[in-house]
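Peer 1: Input file: data12.pdb. Contents: PDB, C-alpha atoms, pLDDT in the B column.
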```
ATOM      1  CA  MET R   1      32.983   3.305  41.732  1.00 49.00           C
ATOM      2  CA  ALA R   2      35.655   2.051  39.322  1.00 59.00           C
ATOM      3  CA  GLU R   3      37.361   5.440  39.368  1.00 55.00           C
ATOM      4  CA  LEU R   4      37.256   5.533  43.178  1.00 50.00           C
ATOM      5  CA  GLN R   5      38.779   2.062  43.400  1.00 59.00           C
ATOM      6  CA  ARG R   6      41.554   3.036  40.983  1.00 60.00           C
ATOM      7  CA  ASP R   7      42.336   6.239  42.888  1.00 57.00           C
ATOM      8  CA  PHE R   8      42.171   4.375  46.185  1.00 59.00           C
ATOM      9  CA  ALA R   9      44.685   1.729  45.061  1.00 61.00           C
ATOM     10  CA  HIS R  10      47.049   4.349  43.641  1.00 59.00           C
ATOM     11  CA  ALA R  11      46.947   6.520  46.754  1.00 62.00           C
ATOM     12  CA  LEU R  12      47.615   3.586  49.059  1.00 63.00           C
ATOM     13  CA  LEU R  13      51.232   3.258  47.953  1.00 63.00           C
ATOM     14  CA  ASP R  14      51.910   6.880  47.032  1.00 62.00           C
ATOM     15  CA  ALA R  15      52.158   9.088  50.101  1.00 58.00           C
ATOM     16  CA  SER R  16      52.242  12.184  47.892  1.00 58.00           C
ATOM     17  CA  SER R  17      48.830  11.388  46.428  1.00 61.00           C
ATOM     18  CA  ALA R  18      45.787  13.169  47.749  1.00 60.00           C
ATOM     19  CA  ILE R  19      43.120  11.280  49.639  1.00 64.00           C
ATOM     20  CA  PRO R  20      40.723   9.909  46.986  1.00 62.00           C
ATOM     21  CA  ARG R  21      37.642  11.988  46.456  1.00 61.00           C
ATOM     22  CA  GLY R  22      34.555  10.209  47.690  1.00 57.00           C
ATOM     23  CA  LEU R  23      36.078   8.965  50.933  1.00 58.00           C
ATOM     24  CA  ILE R  24      33.902  10.746  53.453  1.00 59.00           C
ATOM     25  CA  ALA R  25      33.959  10.205  57.180  1.00 62.00           C
ATOM     26  CA  PRO R  26      30.687   9.968  59.117  1.00 61.00           C
ATOM     27  CA  ASN R  27      31.108  13.592  60.227  1.00 62.00           C
ATOM     28  CA  GLY R  28      31.244  14.705  56.604  1.00 55.00           C
ATOM     29  CA  LYS R  29      34.972  15.393  56.528  1.00 60.00           C
ATOM     30  CA  ALA R  30      37.527  13.611  54.361  1.00 61.00           C
ATOM     31  CA  ALA R  31      38.785  10.479  56.121  1.00 65.00           C
ATOM     32  CA  ALA R  32      42.422  11.610  55.930  1.00 63.00           C
ATOM     33  CA  ARG R  33      43.535  10.203  59.253  1.00 64.00           C
ATOM     34  CA  ARG R  34      41.852   6.853  58.741  1.00 64.00           C
ATOM     35  CA  PHE R  35      43.219   6.536  55.226  1.00 63.00           C
ATOM     36  CA  SER R  36      46.713   7.432  56.435  1.00 65.00           C
ATOM     37  CA  VAL R  37      46.577   4.647  59.027  1.00 60.00           C
ATOM     38  CA  TYR R  38      45.382   2.168  56.406  1.00 58.00           C
ATOM     39  CA  ARG R  39      48.106   3.291  53.979  1.00 65.00           C
ATOM     40  CA  ASN R  40      50.793   2.774  56.617  1.00 68.00           C
ATOM     41  CA  ASN R  41      49.420  -0.669  57.466  1.00 71.00           C
ATOM     42  CA  VAL R  42      49.457  -1.765  53.823  1.00 78.00           C
ATOM     43  CA  THR R  43      53.022  -0.568  53.258  1.00 84.00           C
ATOM     44  CA  HIS R  44      54.142  -2.122  56.536  1.00 87.00           C
ATOM     45  CA  SER R  45      52.628  -5.461  55.505  1.00 90.00           C
ATOM     46  CA  LEU R  46      54.381  -5.421  52.129  1.00 93.00           C
ATOM     47  CA  VAL R  47      57.726  -4.561  53.719  1.00 95.00           C
ATOM     48  CA  ASN R  48      57.242  -7.409  56.205  1.00 96.00           C
ATOM     49  CA  ALA R  49      56.465  -9.765  53.320  1.00 96.00           C
ATOM     50  CA  LEU R  50      59.675  -8.754  51.552  1.00 97.00           C
ATOM     51  CA  ALA R  51      61.649  -9.310  54.748  1.00 97.00           C
ATOM     52  CA  ASP R  52      60.226 -12.835  54.988  1.00 97.00           C
ATOM     53  CA  ILE R  53      60.925 -13.566  51.312  1.00 98.00           C
ATOM     54  CA  PHE R  54      64.458 -12.128  51.282  1.00 98.00           C
ATOM     55  CA  PRO R  55      65.924 -12.907  54.726  1.00 98.00           C
ATOM     56  CA  SER R  56      69.508 -13.137  53.453  1.00 98.00           C
ATOM     57  CA  VAL R  57      69.323  -9.676  51.904  1.00 98.00           C
ATOM     58  CA  GLN R  58      68.053  -8.225  55.174  1.00 98.00           C
ATOM     59  CA  SER R  59      70.713 -10.063  57.154  1.00 97.00           C
ATOM     60  CA  LEU R  60      73.502  -8.688  54.964  1.00 97.00           C
ATOM     61  CA  VAL R  61      72.422  -5.029  54.888  1.00 97.00           C
ATOM     62  CA  GLY R  62      70.725  -4.752  58.277  1.00 97.00           C
ATOM     63  CA  GLU R  63      67.072  -4.313  59.175  1.00 97.00           C
ATOM     64  CA  ASP R  64      66.940  -0.513  58.950  1.00 97.00           C
ATOM     65  CA  TYR R  65      68.625  -0.382  55.531  1.00 97.00           C
ATOM     66  CA  PHE R  66      66.495  -3.239  54.230  1.00 98.00           C
ATOM     67  CA  ARG R  67      63.200  -1.763  55.383  1.00 97.00           C
ATOM     68  CA  ALA R  68      64.017   1.628  53.863  1.00 96.00           C
ATOM     69  CA  MET R  69      64.906  -0.028  50.545  1.00 97.00           C
ATOM     70  CA  ALA R  70      61.873  -2.332  50.675  1.00 97.00           C
ATOM     71  CA  ARG R  71      59.566   0.603  51.364  1.00 93.00           C
ATOM     72  CA  VAL R  72      60.740   2.334  48.185  1.00 93.00           C
ATOM     73  CA  PHE R  73      60.133  -0.873  46.236  1.00 95.00           C
ATOM     74  CA  ALA R  74      56.683  -1.375  47.764  1.00 91.00           C
ATOM     75  CA  CYS R  75      55.601   2.154  46.902  1.00 85.00           C
ATOM     76  CA  GLU R  76      56.642   1.669  43.287  1.00 87.00           C
ATOM     77  CA  ASN R  77      55.463  -1.934  42.874  1.00 90.00           C
ATOM     78  CA  PRO R  78      51.962  -2.821  44.086  1.00 86.00           C
ATOM     79  CA  PRO R  79      51.132  -6.540  44.410  1.00 88.00           C
ATOM     80  CA  LYS R  80      49.806  -8.284  41.316  1.00 87.00           C
ATOM     81  CA  SER R  81      48.628 -11.378  43.166  1.00 89.00           C
ATOM     82  CA  PRO R  82      46.608 -11.878  46.356  1.00 87.00           C
ATOM     83  CA  LEU R  83      49.241 -14.452  47.396  1.00 90.00           C
ATOM     84  CA  LEU R  84      51.921 -12.611  49.369  1.00 89.00           C
ATOM     85  CA  PHE R  85      54.575 -15.252  48.671  1.00 92.00           C
ATOM     86  CA  GLU R  86      54.340 -14.246  44.998  1.00 94.00           C
ATOM     87  CA  TYR R  87      55.233 -10.650  45.874  1.00 95.00           C
ATOM     88  CA  GLY R  88      58.642  -9.180  45.124  1.00 96.00           C
ATOM     89  CA  ARG R  89      59.557 -11.048  41.949  1.00 95.00           C
ATOM     90  CA  GLY R  90      61.132  -7.862  40.617  1.00 96.00           C
ATOM     91  CA  PHE R  91      62.989  -7.079  43.839  1.00 98.00           C
ATOM     92  CA  ALA R  92      66.385  -8.349  42.631  1.00 98.00           C
ATOM     93  CA  ASP R  93      66.241  -6.165  39.512  1.00 98.00           C
ATOM     94  CA  PHE R  94      65.114  -3.250  41.677  1.00 98.00           C
ATOM     95  CA  ILE R  95      68.144  -3.720  43.945  1.00 98.00           C
ATOM     96  CA  ALA R  96      70.405  -3.736  40.874  1.00 97.00           C
ATOM     97  CA  SER R  97      69.077  -0.284  39.956  1.00 97.00           C
ATOM     98  CA  PHE R  98      68.862   1.058  43.533  1.00 97.00           C
ATOM     99  CA  GLU R  99      71.626   3.654  43.659  1.00 96.00           C
ATOM    100  CA  PRO R 100      72.414   3.411  47.404  1.00 96.00           C
ATOM    101  CA  ALA R 101      73.183  -0.308  46.872  1.00 96.00           C
ATOM    102  CA  ASN R 102      75.489   0.195  43.882  1.00 96.00           C
ATOM    103  CA  ASP R 103      78.547  -0.895  45.866  1.00 96.00           C
ATOM    104  CA  LEU R 104      76.886  -4.144  46.949  1.00 97.00           C
ATOM    105  CA  LEU R 105      77.346  -5.887  43.619  1.00 97.00           C
ATOM    106  CA  PHE R 106      76.443  -9.302  44.991  1.00 98.00           C
ATOM    107  CA  LEU R 107      73.132  -8.216  46.521  1.00 98.00           C
ATOM    108  CA  PRO R 108      70.831  -8.704  43.472  1.00 98.00           C
ATOM    109  CA  ASP R 109      71.976 -12.330  43.092  1.00 98.00           C
ATOM    110  CA  VAL R 110      71.522 -12.892  46.827  1.00 98.00           C
ATOM    111  CA  ALA R 111      67.924 -11.740  46.334  1.00 98.00           C
ATOM    112  CA  ARG R 112      67.544 -14.060  43.332  1.00 98.00           C
ATOM    113  CA  LEU R 113      68.728 -17.035  45.377  1.00 98.00           C
ATOM    114  CA  ASP R 114      66.401 -16.137  48.260  1.00 98.00           C
ATOM    115  CA  ARG R 115      63.564 -16.050  45.721  1.00 98.00           C
ATOM    116  CA  LEU R 116      64.499 -19.462  44.294  1.00 98.00           C
ATOM    117  CA  TRP R 117      64.499 -20.910  47.815  1.00 98.00           C
ATOM    118  CA  LEU R 118      60.915 -19.744  48.349  1.00 97.00           C
ATOM    119  CA  ASP R 119      59.841 -20.918  44.887  1.00 97.00           C
ATOM    120  CA  ALA R 120      61.255 -24.347  45.717  1.00 98.00           C
ATOM    121  CA  TYR R 121      59.331 -24.355  48.998  1.00 97.00           C
ATOM    122  CA  HIS R 122      56.029 -23.690  47.206  1.00 96.00           C
ATOM    123  CA  ALA R 123      56.706 -25.856  44.138  1.00 97.00           C
ATOM    124  CA  ALA R 124      54.521 -28.817  43.256  1.00 96.00           C
ATOM    125  CA  ASP R 125      55.154 -32.077  45.062  1.00 95.00           C
ATOM    126  CA  ALA R 126      56.888 -34.870  43.190  1.00 96.00           C
ATOM    127  CA  ALA R 127      58.839 -37.889  44.334  1.00 95.00           C
ATOM    128  CA  PRO R 128      62.557 -37.526  43.525  1.00 96.00           C
ATOM    129  CA  LEU R 129      63.957 -40.032  41.070  1.00 96.00           C
ATOM    130  CA  ALA R 130      65.516 -42.921  42.981  1.00 93.00           C
ATOM    131  CA  PRO R 131      69.243 -43.434  42.279  1.00 89.00           C
ATOM    132  CA  GLU R 132      68.507 -47.123  41.662  1.00 91.00           C
ATOM    133  CA  ALA R 133      66.582 -46.132  38.524  1.00 92.00           C
ATOM    134  CA  LEU R 134      69.852 -45.627  36.647  1.00 91.00           C
ATOM    135  CA  GLY R 135      70.971 -49.135  37.500  1.00 89.00           C
ATOM    136  CA  MET R 136      67.955 -50.538  35.657  1.00 91.00           C
ATOM    137  CA  ILE R 137      69.020 -48.979  32.344  1.00 92.00           C
ATOM    138  CA  ASP R 138      71.094 -50.879  29.795  1.00 92.00           C
ATOM    139  CA  PRO R 139      74.620 -49.369  29.992  1.00 91.00           C
ATOM    140  CA  GLU R 140      74.645 -49.026  26.185  1.00 93.00           C
ATOM    141  CA  GLU R 141      71.562 -46.791  26.384  1.00 93.00           C
ATOM    142  CA  LEU R 142      72.661 -44.706  29.364  1.00 94.00           C
ATOM    143  CA  ALA R 143      74.213 -41.896  27.307  1.00 95.00           C
ATOM    144  CA  ASP R 144      70.928 -41.330  25.476  1.00 96.00           C
ATOM    145  CA  ILE R 145      68.621 -40.902  28.456  1.00 96.00           C
ATOM    146  CA  ARG R 146      67.068 -37.583  29.387  1.00 97.00           C
ATOM    147  CA  PHE R 147      65.762 -36.506  32.766  1.00 97.00           C
ATOM    148  CA  VAL R 148      62.608 -34.701  33.871  1.00 97.00           C
ATOM    149  CA  THR R 149      63.587 -31.846  36.175  1.00 98.00           C
ATOM    150  CA  HIS R 150      61.917 -31.873  39.584  1.00 98.00           C
ATOM    151  CA  PRO R 151      59.374 -29.011  39.916  1.00 97.00           C
ATOM    152  CA  ALA R 152      61.309 -27.599  42.885  1.00 98.00           C
ATOM    153  CA  ALA R 153      64.745 -27.682  41.242  1.00 98.00           C
ATOM    154  CA  SER R 154      66.432 -24.604  39.767  1.00 98.00           C
ATOM    155  CA  LEU R 155      69.860 -23.163  39.043  1.00 98.00           C
ATOM    156  CA  LEU R 156      71.588 -19.833  39.549  1.00 98.00           C
ATOM    157  CA  GLY R 157      75.028 -18.966  38.252  1.00 98.00           C
ATOM    158  CA  SER R 158      76.612 -15.888  39.792  1.00 98.00           C
ATOM    159  CA  ASN R 159      79.837 -13.923  39.513  1.00 98.00           C
ATOM    160  CA  PHE R 160      79.726 -13.653  43.307  1.00 98.00           C
ATOM    161  CA  GLY R 161      79.804 -16.014  46.273  1.00 98.00           C
ATOM    162  CA  VAL R 162      76.055 -16.046  46.707  1.00 98.00           C
ATOM    163  CA  VAL R 163      75.757 -19.669  47.848  1.00 98.00           C
ATOM    164  CA  THR R 164      78.022 -19.017  50.812  1.00 98.00           C
ATOM    165  CA  LEU R 165      76.408 -15.644  51.515  1.00 98.00           C
ATOM    166  CA  VAL R 166      72.875 -17.034  51.556  1.00 98.00           C
ATOM    167  CA  CYS R 167      73.629 -20.280  53.378  1.00 97.00           C
ATOM    168  CA  ARG R 168      75.643 -18.604  56.114  1.00 97.00           C
ATOM    169  CA  SER R 169      73.117 -15.796  56.480  1.00 96.00           C
ATOM    170  CA  ARG R 170      70.254 -18.250  56.863  1.00 95.00           C
ATOM    171  CA  GLN R 171      72.229 -20.232  59.451  1.00 95.00           C
ATOM    172  CA  ASN R 172      73.490 -17.137  61.298  1.00 94.00           C
ATOM    173  CA  ILE R 173      77.112 -18.066  60.559  1.00 95.00           C
ATOM    174  CA  ALA R 174      79.609 -15.210  60.500  1.00 94.00           C
ATOM    175  CA  LEU R 175      81.058 -14.136  57.153  1.00 93.00           C
ATOM    176  CA  THR R 176      84.371 -13.061  58.664  1.00 91.00           C
ATOM    177  CA  GLY R 177      87.182 -13.535  56.157  1.00 91.00           C
ATOM    178  CA  PHE R 178      84.898 -14.573  53.300  1.00 94.00           C
ATOM    179  CA  ASP R 179      85.502 -12.895  49.926  1.00 93.00           C
ATOM    180  CA  PRO R 180      82.171 -12.645  48.048  1.00 95.00           C
ATOM    181  CA  MET R 181      83.851 -11.655  44.773  1.00 95.00           C
ATOM    182  CA  SER R 182      84.460 -15.217  43.565  1.00 96.00           C
ATOM    183  CA  PRO R 183      81.861 -16.967  41.343  1.00 98.00           C
ATOM    184  CA  GLU R 184      79.590 -19.614  42.811  1.00 98.00           C
ATOM    185  CA  PHE R 185      76.938 -21.789  41.183  1.00 98.00           C
ATOM    186  CA  ALA R 186      73.773 -22.755  43.029  1.00 98.00           C
ATOM    187  CA  LEU R 187      71.476 -25.732  42.684  1.00 98.00           C
ATOM    188  CA  VAL R 188      68.235 -25.368  44.638  1.00 98.00           C
ATOM    189  CA  THR R 189      66.217 -28.510  45.334  1.00 98.00           C
ATOM    190  CA  ARG R 190      63.550 -29.772  47.741  1.00 96.00           C
ATOM    191  CA  PRO R 191      63.985 -33.514  48.080  1.00 90.00           C
ATOM    192  CA  ARG R 192      61.825 -33.588  51.220  1.00 86.00           C
ATOM    193  CA  CYS R 193      60.125 -30.824  53.227  1.00 86.00           C
ATOM    194  CA  ASP R 194      62.644 -27.986  53.156  1.00 92.00           C
ATOM    195  CA  PRO R 195      64.612 -26.576  50.212  1.00 97.00           C
ATOM    196  CA  GLN R 196      68.352 -27.139  50.025  1.00 97.00           C
ATOM    197  CA  ILE R 197      71.023 -25.026  48.342  1.00 98.00           C
ATOM    198  CA  HIS R 198      74.014 -26.847  46.857  1.00 98.00           C
ATOM    199  CA  ASN R 199      77.268 -25.273  45.710  1.00 98.00           C
ATOM    200  CA  LEU R 200      78.244 -26.732  42.326  1.00 98.00           C
ATOM    201  CA  SER R 201      81.496 -26.444  40.432  1.00 98.00           C
ATOM    202  CA  HIS R 202      81.278 -24.555  37.157  1.00 98.00           C
ATOM    203  CA  ALA R 203      81.515 -27.789  35.137  1.00 98.00           C
ATOM    204  CA  ALA R 204      78.802 -29.431  37.261  1.00 98.00           C
ATOM    205  CA  PHE R 205      76.647 -26.334  36.726  1.00 98.00           C
ATOM    206  CA  VAL R 206      77.115 -26.620  32.937  1.00 98.00           C
ATOM    207  CA  PHE R 207      76.288 -30.323  33.167  1.00 98.00           C
ATOM    208  CA  THR R 208      73.130 -29.716  35.214  1.00 98.00           C
ATOM    209  CA  GLN R 209      72.029 -26.810  33.050  1.00 98.00           C
ATOM    210  CA  SER R 210      72.199 -29.065  30.000  1.00 98.00           C
ATOM    211  CA  LEU R 211      70.238 -31.828  31.718  1.00 98.00           C
ATOM    212  CA  PHE R 212      67.570 -29.368  32.873  1.00 98.00           C
ATOM    213  CA  ALA R 213      67.230 -28.316  29.214  1.00 97.00           C
ATOM    214  CA  ARG R 214      66.497 -31.983  28.361  1.00 97.00           C
ATOM    215  CA  ALA R 215      69.864 -32.666  26.755  1.00 97.00           C
ATOM    216  CA  SER R 216      70.865 -36.320  26.777  1.00 97.00           C
ATOM    217  CA  LEU R 217      73.196 -37.497  29.516  1.00 97.00           C
ATOM    218  CA  GLY R 218      75.962 -37.999  26.960  1.00 97.00           C
ATOM    219  CA  HIS R 219      75.519 -34.537  25.448  1.00 98.00           C
ATOM    220  CA  ALA R 220      75.499 -32.917  28.886  1.00 98.00           C
ATOM    221  CA  ALA R 221      78.674 -34.774  29.835  1.00 98.00           C
ATOM    222  CA  VAL R 222      80.433 -33.563  26.686  1.00 98.00           C
ATOM    223  CA  SER R 223      79.479 -29.964  27.502  1.00 98.00           C
ATOM    224  CA  ALA R 224      80.837 -30.363  31.039  1.00 98.00           C
ATOM    225  CA  PHE R 225      84.132 -31.884  29.877  1.00 98.00           C
ATOM    226  CA  GLU R 226      84.539 -29.022  27.401  1.00 98.00           C
ATOM    227  CA  SER R 227      84.204 -26.693  30.371  1.00 97.00           C
ATOM    228  CA  ASP R 228      86.671 -28.628  32.525  1.00 98.00           C
ATOM    229  CA  ALA R 229      88.700 -31.622  31.387  1.00 98.00           C
ATOM    230  CA  ASP R 230      88.877 -32.823  35.015  1.00 98.00           C
ATOM    231  CA  PHE R 231      85.102 -32.928  35.419  1.00 98.00           C
ATOM    232  CA  ASP R 232      84.003 -35.890  37.570  1.00 97.00           C
ATOM    233  CA  LEU R 233      80.882 -37.226  35.866  1.00 97.00           C
ATOM    234  CA  SER R 234      80.075 -39.898  38.443  1.00 95.00           C
ATOM    235  CA  GLN R 235      80.389 -37.499  41.355  1.00 96.00           C
ATOM    236  CA  ALA R 236      78.250 -34.827  39.678  1.00 97.00           C
ATOM    237  CA  LEU R 237      75.517 -37.309  38.811  1.00 96.00           C
ATOM    238  CA  ALA R 238      75.567 -38.707  42.353  1.00 95.00           C
ATOM    239  CA  ILE R 239      75.125 -35.188  43.776  1.00 96.00           C
ATOM    240  CA  LEU R 240      72.172 -34.479  41.498  1.00 97.00           C
ATOM    241  CA  MET R 241      70.460 -37.758  42.306  1.00 96.00           C
ATOM    242  CA  SER R 242      70.924 -37.445  46.070  1.00 95.00           C
ATOM    243  CA  ALA R 243      69.758 -33.815  45.939  1.00 96.00           C
ATOM    244  CA  GLY R 244      66.503 -34.776  44.222  1.00 97.00           C
ATOM    245  CA  ALA R 245      67.127 -32.713  41.090  1.00 98.00           C
ATOM    246  CA  PHE R 246      65.018 -35.040  38.911  1.00 98.00           C
ATOM    247  CA  CYS R 247      61.640 -36.698  39.262  1.00 96.00           C
ATOM    248  CA  ALA R 248      61.681 -39.078  36.279  1.00 96.00           C
ATOM    249  CA  ILE R 249      63.525 -40.298  33.225  1.00 95.00           C
ATOM    250  CA  ALA R 250      61.963 -38.740  30.148  1.00 92.00           C
ATOM    251  CA  PRO R 251      60.175 -41.096  27.782  1.00 85.00           C
ATOM    252  CA  GLU R 252      61.891 -41.930  24.508  1.00 71.00           C
ATOM    253  CA  GLY R 253      61.195 -39.423  21.781  1.00 44.00           C
ATOM    254  CA  GLY R 254      61.385 -36.421  24.105  1.00 48.00           C
ATOM    255  CA  THR R 255      63.101 -33.139  23.265  1.00 49.00           C
ATOM    256  CA  LYS R 256      66.571 -33.787  21.892  1.00 47.00           C
ATOM    257  CA  SER R 257      69.729 -31.674  21.871  1.00 41.00           C
TER     258      SER R 257
END
```
For this file, produce the structure as structure tokens.
Peer 2:
Amino acid sequence: MAELQRDFAHALLDASSAIPRGLIAPNGKAAARRFSVYRNNVTHSLVNALADIFPSVQSLVGEDYFRAMARVFACENPPKSPLLFEYGRGFADFIASFEPANDLLFLPDVARLDRLWLDAYHAADAAPLAPEALGMIDPEELADIRFVTHPAASLLGSNFGVVTLVCRSRQNIALTGFDPMSPEFALVTRPRCDPQIHNLSHAAFVFTQSLFARASLGHAAVSAFESDADFDLSQALAILMSAGAFCAIAPEGGTKS
């Protein structure tokens, strides 16, 4: 039985594989037709799941191109979890190695940002840190505080304009005249029901990255100013607080850097 199950699972996603031995139809013949229908249904379901998880990728390359690419991925990468929203975690790396997409340099990072959006959607619930919390801290101690990152918050730095690509694709806004070859830096949060994608400056990205790594506010600010002398600390902090990037101020004695 174990061997049959192994052969069955392998043959499902490999059209070149023979029908597993032991699958016998009621008339005594191999259930080739029935198995073929089941195989097609499984592959179709996985491709549909990828289309739901990576809508921006599909929007940018078109449905036919996407489904052909997704089918190759599905045949090479069976699910490892019964939860379909967990499927496709290696899809961005697959796209990066998918020869027909070599000219679409931005596409892997578009897939990564789509994935972060879904991860934010399914992340654990936590109340965002209220902006008023900072006003309750002694100004002399403010530089030493550290934040607890919200479970739904994440970052993605890209050499391409992925924030604009993903946001416009998800809102069905035309990309006419947009050059995707300029770097953009994404902050993904979920302050309420739906995830949000924010476009950060490079210095704000450095600042946020440091804070997410539990650096002190002062240390993170120094890193940001080293990146850009014109960095606006107050504005960056206001964006992070309003976006719900944090859920608490870390207790004293936490990880230092």
Peer 1: Excluding same-chain residues fewer than 6 positions from segment 229-231 of chain R, what lies within 10 Å of it counting all atoms listed in the file, as a list of chain:residue names?
Peer 2: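 The contact residues come out as R:Ser201, R:His202, R:Ala203, R:Ala204, R:Phe207, R:Ala221, R:Val222.
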Peer 1: What do you get, as an MDAnalysis selection string, if you spell out every residue that the PyMOL selection byres ((chain R and resi 242-254) around 6) selects here?
Peer 2: chainID R and resid 127:129 146:150 153 191 239:241 255
Peer 1: Work out how far apart atom CA of Leu46 of chain R and atom CA of Gln58 of chain R are and give it in Å to one decimal.
Peer 2: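 These two atoms are separated by 14.3 Å.
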Peer 1: Pick from R:Asn41, R:Ser154, R:Ser56, R:Gln171: nearest to Thr189 of chain R, with only C-alpha atoms counted?
Peer 2: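 Closest candidate: R:Ser154.
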Peer 1: Residues picked by the PyMOL selection byres ((chain R and resi 183) around 12) here, as a PDB file with C-alpha atoms, in the coordinates of the input?
Peer 2:
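And here's part.pdb as it stands now:
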```
ATOM      1  CA  PHE R 106      76.443  -9.302  44.991  1.00 98.00           C
ATOM      2  CA  ASP R 109      71.976 -12.330  43.092  1.00 98.00           C
ATOM      3  CA  LEU R 156      71.588 -19.833  39.549  1.00 98.00           C
ATOM      4  CA  GLY R 157      75.028 -18.966  38.252  1.00 98.00           C
ATOM      5  CA  SER R 158      76.612 -15.888  39.792  1.00 98.00           C
ATOM      6  CA  ASN R 159      79.837 -13.923  39.513  1.00 98.00           C
ATOM      7  CA  PHE R 160      79.726 -13.653  43.307  1.00 98.00           C
ATOM      8  CA  GLY R 161      79.804 -16.014  46.273  1.00 98.00           C
ATOM      9  CA  VAL R 162      76.055 -16.046  46.707  1.00 98.00           C
ATOM     10  CA  VAL R 163      75.757 -19.669  47.848  1.00 98.00           C
ATOM     11  CA  THR R 164      78.022 -19.017  50.812  1.00 98.00           C
ATOM     12  CA  LEU R 165      76.408 -15.644  51.515  1.00 98.00           C
ATOM     13  CA  ASP R 179      85.502 -12.895  49.926  1.00 93.00           C
ATOM     14  CA  PRO R 180      82.171 -12.645  48.048  1.00 95.00           C
ATOM     15  CA  MET R 181      83.851 -11.655  44.773  1.00 95.00           C
ATOM     16  CA  SER R 182      84.460 -15.217  43.565  1.00 96.00           C
ATOM     17  CA  GLU R 184      79.590 -19.614  42.811  1.00 98.00           C
ATOM     18  CA  PHE R 185      76.938 -21.789  41.183  1.00 98.00           C
ATOM     19  CA  ALA R 186      73.773 -22.755  43.029  1.00 98.00           C
ATOM     20  CA  ASN R 199      77.268 -25.273  45.710  1.00 98.00           C
ATOM     21  CA  LEU R 200      78.244 -26.732  42.326  1.00 98.00           C
ATOM     22  CA  SER R 201      81.496 -26.444  40.432  1.00 98.00           C
ATOM     23  CA  HIS R 202      81.278 -24.555  37.157  1.00 98.00           C
ATOM     24  CA  PHE R 205      76.647 -26.334  36.726  1.00 98.00           C
TER      25      PHE R 205
END
```
Peer 1: Kindly indicate which residue among R:Val206, R:Leu84, R:Leu118, R:Val47 lies nearest to Arg67 of chain R, using only C-alpha atoms for the distances.
Peer 2: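 Result for the nearest residue to Arg67 of chain R: R:Val47.
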Peer 1: Compile the contact shell of Leu104 of chain R as a CSV table (one decimal) with C-alpha atoms, in the frame of the given file: residues with an atom at most 12 Å away, counting all atoms listed in the file, same-chain residues fewer than 4 positions apart removed.
Peer 2:
```csv
chain,number,residue,atom,x,y,z
R,57,VAL,CA,69.3,-9.7,51.9
R,60,LEU,CA,73.5,-8.7,55.0
R,61,VAL,CA,72.4,-5.0,54.9
R,95,ILE,CA,68.1,-3.7,43.9
R,96,ALA,CA,70.4,-3.7,40.9
R,97,SER,CA,69.1,-0.3,40.0
R,98,PHE,CA,68.9,1.1,43.5
R,99,GLU,CA,71.6,3.7,43.7
R,100,PRO,CA,72.4,3.4,47.4
R,108,PRO,CA,70.8,-8.7,43.5
R,109,ASP,CA,72.0,-12.3,43.1
R,110,VAL,CA,71.5,-12.9,46.8
R,111,ALA,CA,67.9,-11.7,46.3
R,160,PHE,CA,79.7,-13.7,43.3
R,162,VAL,CA,76.1,-16.0,46.7
R,180,PRO,CA,82.2,-12.6,48.0
R,181,MET,CA,83.9,-11.7,44.8
```
Peer 1: Work out how far apart atom CA of Leu217 of chain R and atom CA of Ala143 of chain R are and give it in Å to one decimal.
Peer 2: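 Atom CA of Ala143 of chain R lies 5.0 Å from atom CA of Leu217 of chain R.
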Peer 1: Mind pulling up the distance from atom CA of Cys193 of chain R to atom CA of Phe212 of chain R?
Peer 2: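 Pair atom CA of Phe212 of chain R / atom CA of Cys193 of chain R returns 21.7 Å.
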Peer 1: Give the answer as one residue: which of R:Pro139, R:Val42, R:Leu134, R:Asn102 has the shortest atom-to-atom distance to Ala74 of chain R, using all atoms listed in the file?
Peer 2: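 Closest to Ala74 of chain R, using all atoms listed in the file: R:Val42.
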Peer 1: Care to translate the PyMOL selection byres ((chain R and resi 90) around 10) into actual residues of this file, as an MDAnalysis selection string?
Peer 2: chainID R and resid 73 77 87:89 91:95 111:112 115
Peer 1: Those same residues, written as a CSV table (one decimal), in the frame of the given file with C-alpha atoms?
Peer 2:
```
chain,number,residue,atom,x,y,z
R,73,PHE,CA,60.1,-0.9,46.2
R,77,ASN,CA,55.5,-1.9,42.9
R,87,TYR,CA,55.2,-10.6,45.9
R,88,GLY,CA,58.6,-9.2,45.1
R,89,ARG,CA,59.6,-11.0,41.9
R,91,PHE,CA,63.0,-7.1,43.8
R,92,ALA,CA,66.4,-8.3,42.6
R,93,ASP,CA,66.2,-6.2,39.5
R,94,PHE,CA,65.1,-3.2,41.7
R,95,ILE,CA,68.1,-3.7,43.9
R,111,ALA,CA,67.9,-11.7,46.3
R,112,ARG,CA,67.5,-14.1,43.3
R,115,ARG,CA,63.6,-16.0,45.7
```
